[in-house]
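Chemist: For reference, the structure I am asking about is given below.
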Amino acid sequence: PRAERFTLPAKLPIFPNRLKRRSVSGAEAYNTDMLARAKWRTSTLLQDGQLPPLLATTVETILDKIYSNSKVMTLPSYSQQAVVLNNQLWKHCFHEPEQAPEMVYLELEHITSGLLQTDLSNEDSLLWQLMFNPDLRTSLLQQLDGTKICWDQSKLADRLRPDPDSLPTKLGGSGTIFFWAVNELGWRVPLHLTHSDRQAATLQGRDERGKLWQLPFQPAAILQALQTGRLLPSLFTCYLTVGLTRGVSCCGGYFQAQYLPAIQRGLIQVLEDNNFGLDKLAKQLAQVPTDISLLGMQGVMRQLDETLLLPAGLVEIMASGGLKQHQLQQLRTLTVQNALLAGLAEILPDIRYHDTMPANWPLYLAAKSHEKLMDKVVII
């Protein structure tokens with residue numbers, strides 16, 4: 001496309017806007033009508049000059065050969081489709097797909113739900129103790145209140161009010177306590193933990209239409225709701241179950257490298273300060289690496305014209321014929337600093353508000369990338 005008309009990135013959604021609020025776990029499988037609309041959108045981008053002919057052809061090939069494959073189309077949910085799709089798309093990033101290292105994509109919430117079947121059935125597990133020991137749970141909720149990806153108890157309490165002036169749409173950033181509810185539309189509903197006494201507790205939430213959702217906070221009720229798709233584990237519960245409890249290193253983005261250590265420190269503080277006899281577990285938790293960041297690095301770029309260099313995505317890499325052995329070897333010599341510089345187009349929108357950046361910042365960044373990185377990264 002002409003330099004002055006390009007956007008970062010050109011978006012080509014498969015699902016219609018009316019379904020964008022649905023969680024991946026609750027999304028139905030995409031169908032032929034959705035793929036037909038995506039092809040129409042591809043043609044529109046091509047006609048408007050936002051998509052070069054080669055990339056448009058590659059997108060059509062992806063939709064026809066991978067997304068439309070009968071083995072994918074017959075899967076009952078998008079969650080299952082995504083596992084197969086991502087594996088196939090990954091392989092086609094290589095010039096010799098059959099030689100690509102095997103990459104398995106699994107849904108974090110699905111893995112966690114399976115592990116919870118064990119942990120919520122074992123009163124000696126750390127997760128059971130944190131959730132169902134009233135004193136330990138109270139300490140945990142207070143310690144991590146307001147921590148990113150955890151919960152804000154004040155906002156969650158406000159969401160429960162039936163007052164139209166305090167509709168949940170006005171109370172973003174509340175997080176959720178341990179789990180999300182999933183309503184009949186497939187939307188996630190933040191949940192607060194309400195108490196009638198020290199022993200009894202209920203998960204309650206109000207969706208954006210004002211409808212109240214509630215569930216007894218008991219292992220059996222939670223397990224049943226997880227199995228039927230009425231509950232999803234929160235990110236806090238996912239990382240606690242998969243990572244911290246079992247010592248699995250969870251690599252993530254730059255935000256995760258901040259909030260996961262904060263959660264780890266909070267958990268250790270809770271276990272050490274309350275004389276629960278869990279000091280040994282606290283020491284084990286402290287050994288789990290939580291600050292591993294990978295997101296935001298880029299090693300493959302595309303030359304838009306003689307002065308502009310842009311990060312290359314899946315479509316561009318596939319259009320080039322896939323990465324060859326000499327290019328993979330070049331990637332092994334790339335420094336972390338240059339990989340982060342090459343990924344600035346993806347990083348900047350996350351760390352700066354759009355209204356604080358000049359209108360032409362993508363062009364400026366593309367020009368600077370060309371100036372600094374032409375001999376550092378793989379160019380396709």
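Simple scheme: letters A, B, ... for chains in structure tokens order, numbers from 1 for residues in each chain, numbers from 1 for ligands in the order shown.
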Enumerate the residues of range 82-148 of chain A with a DSSP assignment of alpha helix (DSSP H), computed from the backbone, and present them as a PyMOL selection string.

Modeler: chain A and resi 82-91+108-119+126-132+134-143

Chemist: Please report, as a Markdown table, each residue of range 83-160 of chain A lying at most 10 Å from range 245-252 of chain A, together with the nearest pair of atoms and the separation in Å rounded to one decimal; use only C-alpha atoms, and order rows by chain and ascending residue number.

Modeler:
| residue | atom | partner | partner_atom | distance |
| --- | --- | --- | --- | --- |
| A:Asp119 | CA | A:Thr245 | CA | 9.9 |
| A:Ser125 | CA | A:Thr245 | CA | 8.8 |
| A:Leu126 | CA | A:Thr245 | CA | 7.1 |
| A:Leu127 | CA | A:Thr245 | CA | 7.8 |

Chemist: To test your reading of the structure, identify every residue in range 104-192 of chain A that backbone DSSP assigns to strand (DSSP E), and report it as a list in words.

Modeler: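 Answer for range 104-192 of chain A, restricted to strand (DSSP E): Phe179, Trp180, Ala181, Val182, Arg188, Val189, Pro190 and His192 of chain A.
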
Chemist: How would the residues just chosen look if you wrote them out with N, CA and C atoms as a short mmCIF file (atom, residue, chain, number, x, y, z; two decimals), in the first residue's frame?

Modeler:
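Contents of the output file again.cif:
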data_model
loop_
_atom_site.label_atom_id
_atom_site.label_comp_id
_atom_site.auth_asym_id
_atom_site.auth_seq_id
_atom_site.Cartn_x
_atom_site.Cartn_y
_atom_site.Cartn_z
N PHE A 179 -13.11 -16.49 40.15
CA PHE A 179 -13.78 -17.02 38.96
C PHE A 179 -14.58 -15.92 38.27
N TRP A 180 -14.83 -16.15 36.97
CA TRP A 180 -15.80 -15.35 36.22
C TRP A 180 -17.05 -16.20 36.04
N ALA A 181 -18.20 -15.58 36.15
CA ALA A 181 -19.42 -16.24 35.70
C ALA A 181 -19.53 -16.05 34.19
N VAL A 182 -20.24 -16.94 33.54
CA VAL A 182 -20.51 -16.82 32.10
C VAL A 182 -22.02 -16.83 31.93
N ARG A 188 -18.54 -12.65 30.12
CA ARG A 188 -17.99 -12.84 31.46
C ARG A 188 -18.61 -11.84 32.44
N VAL A 189 -18.93 -12.33 33.63
CA VAL A 189 -19.52 -11.50 34.68
C VAL A 189 -18.59 -11.52 35.89
N PRO A 190 -18.07 -10.35 36.33
CA PRO A 190 -17.22 -10.31 37.53
C PRO A 190 -17.99 -10.75 38.77
N HIS A 192 -18.24 -11.18 43.07
CA HIS A 192 -17.85 -10.79 44.42
C HIS A 192 -18.17 -11.96 45.34
#

Chemist: As a ChimeraX atom specification, please: the residues near Ala100 in chain A (cut-off 12 Å, only C-alpha atoms, same-chain neighbours under 6 positions excluded).

Modeler: /A:87-94,322-325,328

Chemist: For each of A:Asp124, A:Glu109, A:Asp163, A:Asp135, take the minimum atom-to-atom distance to Leu281 in chain A, counting only C-alpha atoms, then give the residue where this is smallest.

Modeler: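 Of A:Asp124, A:Glu109, A:Asp163, A:Asp135, the one nearest Leu281 in chain A is A:Asp124, counting only C-alpha atoms.
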
Chemist: What are the closest atom pairs, with distances in Å to one decimal, for all residues of range 284-313 of chain A lying within 9 Å of range 259-265 of chain A? Consider only C-alpha atoms, order rows by chain and residue number, and present the result as CSV.

Modeler:
residue,atom,partner,partner_atom,distance
A:Leu285,CA,A:Gln264,CA,7.1
A:Ala286,CA,A:Gln264,CA,7.2
A:Val288,CA,A:Gln264,CA,8.7
A:Pro289,CA,A:Pro261,CA,8.4
A:Thr290,CA,A:Pro261,CA,5.4
A:Asp291,CA,A:Pro261,CA,6.3

Chemist: If you measure from CA of Glu272 in chain A to CA of Arg137 in chain A, what distance in Å do you get, rounded to one decimal?

Modeler: 13.8 Å

Chemist: I'd like the interatomic distance between CA of Ile268 in chain A and CA of Gln142 in chain A, to a tenth of an Å.

Modeler: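 CA of Ile268 in chain A sits 13.5 Å away from CA of Gln142 in chain A.
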
Chemist: As number ranges by chain, please: the residues near Leu231 in chain A (cut-off 12 Å, only C-alpha atoms, same-chain neighbours under 6 positions excluded).

Modeler: A: 23, 25-26, 109-110, 112-113, 176-184, 186-191, 203-205, 213-215, 217, 221-225

Chemist: Name all residues at most 12 Å from Leu295 in chain A (count only C-alpha atoms; drop same-chain ones fewer than 6 positions away) and give them as an NGL selection string.

Modeler: :A and (251-257 or 336 or 339-340 or 343-344 or 346-347 or 350)

Chemist: Let's have the selection written as a PDB file, in the first residue's frame, with N, CA and C atoms.

Modeler:
ATOM      1  N   CYS A 251       5.742 -17.982  31.023  1.00  0.00           N
ATOM      2  CA  CYS A 251       6.311 -16.879  30.256  1.00  0.00           C
ATOM      3  C   CYS A 251       5.171 -16.010  29.738  1.00  0.00           C
ATOM      4  N   GLY A 252       5.351 -14.699  29.793  1.00  0.00           N
ATOM      5  CA  GLY A 252       4.280 -13.817  29.353  1.00  0.00           C
ATOM      6  C   GLY A 252       4.802 -12.486  28.884  1.00  0.00           C
ATOM      7  N   GLY A 253       3.919 -11.508  28.858  1.00  0.00           N
ATOM      8  CA  GLY A 253       4.278 -10.187  28.379  1.00  0.00           C
ATOM      9  C   GLY A 253       4.857  -9.317  29.469  1.00  0.00           C
ATOM     10  N   TYR A 254       5.098  -8.046  29.097  1.00  0.00           N
ATOM     11  CA  TYR A 254       5.738  -7.134  30.039  1.00  0.00           C
ATOM     12  C   TYR A 254       4.829  -6.816  31.214  1.00  0.00           C
ATOM     13  N   PHE A 255       3.511  -6.835  31.030  1.00  0.00           N
ATOM     14  CA  PHE A 255       2.613  -6.607  32.158  1.00  0.00           C
ATOM     15  C   PHE A 255       2.632  -7.797  33.119  1.00  0.00           C
ATOM     16  N   GLN A 256       2.640  -9.009  32.557  1.00  0.00           N
ATOM     17  CA  GLN A 256       2.661 -10.192  33.416  1.00  0.00           C
ATOM     18  C   GLN A 256       3.923 -10.224  34.268  1.00  0.00           C
ATOM     19  N   ALA A 257       5.040  -9.773  33.698  1.00  0.00           N
ATOM     20  CA  ALA A 257       6.303  -9.766  34.441  1.00  0.00           C
ATOM     21  C   ALA A 257       6.263  -8.799  35.617  1.00  0.00           C
ATOM     22  N   VAL A 336      18.400  -8.993  22.207  1.00  0.00           N
ATOM     23  CA  VAL A 336      17.116  -8.674  22.824  1.00  0.00           C
ATOM     24  C   VAL A 336      16.777  -7.205  22.594  1.00  0.00           C
ATOM     25  N   ALA A 339      15.491  -6.752  19.136  1.00  0.00           N
ATOM     26  CA  ALA A 339      14.187  -7.414  19.008  1.00  0.00           C
ATOM     27  C   ALA A 339      13.087  -6.559  19.625  1.00  0.00           C
ATOM     28  N   LEU A 340      13.387  -5.891  20.730  1.00  0.00           N
ATOM     29  CA  LEU A 340      12.404  -5.006  21.357  1.00  0.00           C
ATOM     30  C   LEU A 340      12.190  -3.746  20.527  1.00  0.00           C
ATOM     31  N   GLY A 343       9.925  -4.451  17.774  1.00  0.00           N
ATOM     32  CA  GLY A 343       8.545  -4.674  18.192  1.00  0.00           C
ATOM     33  C   GLY A 343       7.857  -3.455  18.758  1.00  0.00           C
ATOM     34  N   LEU A 344       8.482  -2.280  18.666  1.00  0.00           N
ATOM     35  CA  LEU A 344       7.902  -1.078  19.265  1.00  0.00           C
ATOM     36  C   LEU A 344       6.520  -0.740  18.711  1.00  0.00           C
ATOM     37  N   GLU A 346       4.147  -2.629  18.217  1.00  0.00           N
ATOM     38  CA  GLU A 346       3.159  -3.363  18.997  1.00  0.00           C
ATOM     39  C   GLU A 346       3.184  -2.955  20.466  1.00  0.00           C
ATOM     40  N   ILE A 347       4.335  -2.530  20.952  1.00  0.00           N
ATOM     41  CA  ILE A 347       4.484  -2.207  22.371  1.00  0.00           C
ATOM     42  C   ILE A 347       3.924  -0.833  22.711  1.00  0.00           C
ATOM     43  N   ASP A 350       0.412  -0.049  23.973  1.00  0.00           N
ATOM     44  CA  ASP A 350       0.114  -0.587  25.299  1.00  0.00           C
ATOM     45  C   ASP A 350       0.631   0.304  26.421  1.00  0.00           C
TER      46      ASP A 350
END

Chemist: State, in Å with one decimal place, the distance from CA of Pro216 in chain A to CA of Ala201 in chain A.

Modeler: 6.5 Å

Chemist: Could you tell me which of A:Thr194, A:Asn338, A:Ser174, A:Thr333 comes closest to Cys150 in chain A if we count only C-alpha atoms?

Modeler: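 Checking each of A:Thr194, A:Asn338, A:Ser174, A:Thr333 against Cys150 in chain A, counting only C-alpha atoms, the winner is A:Ser174.
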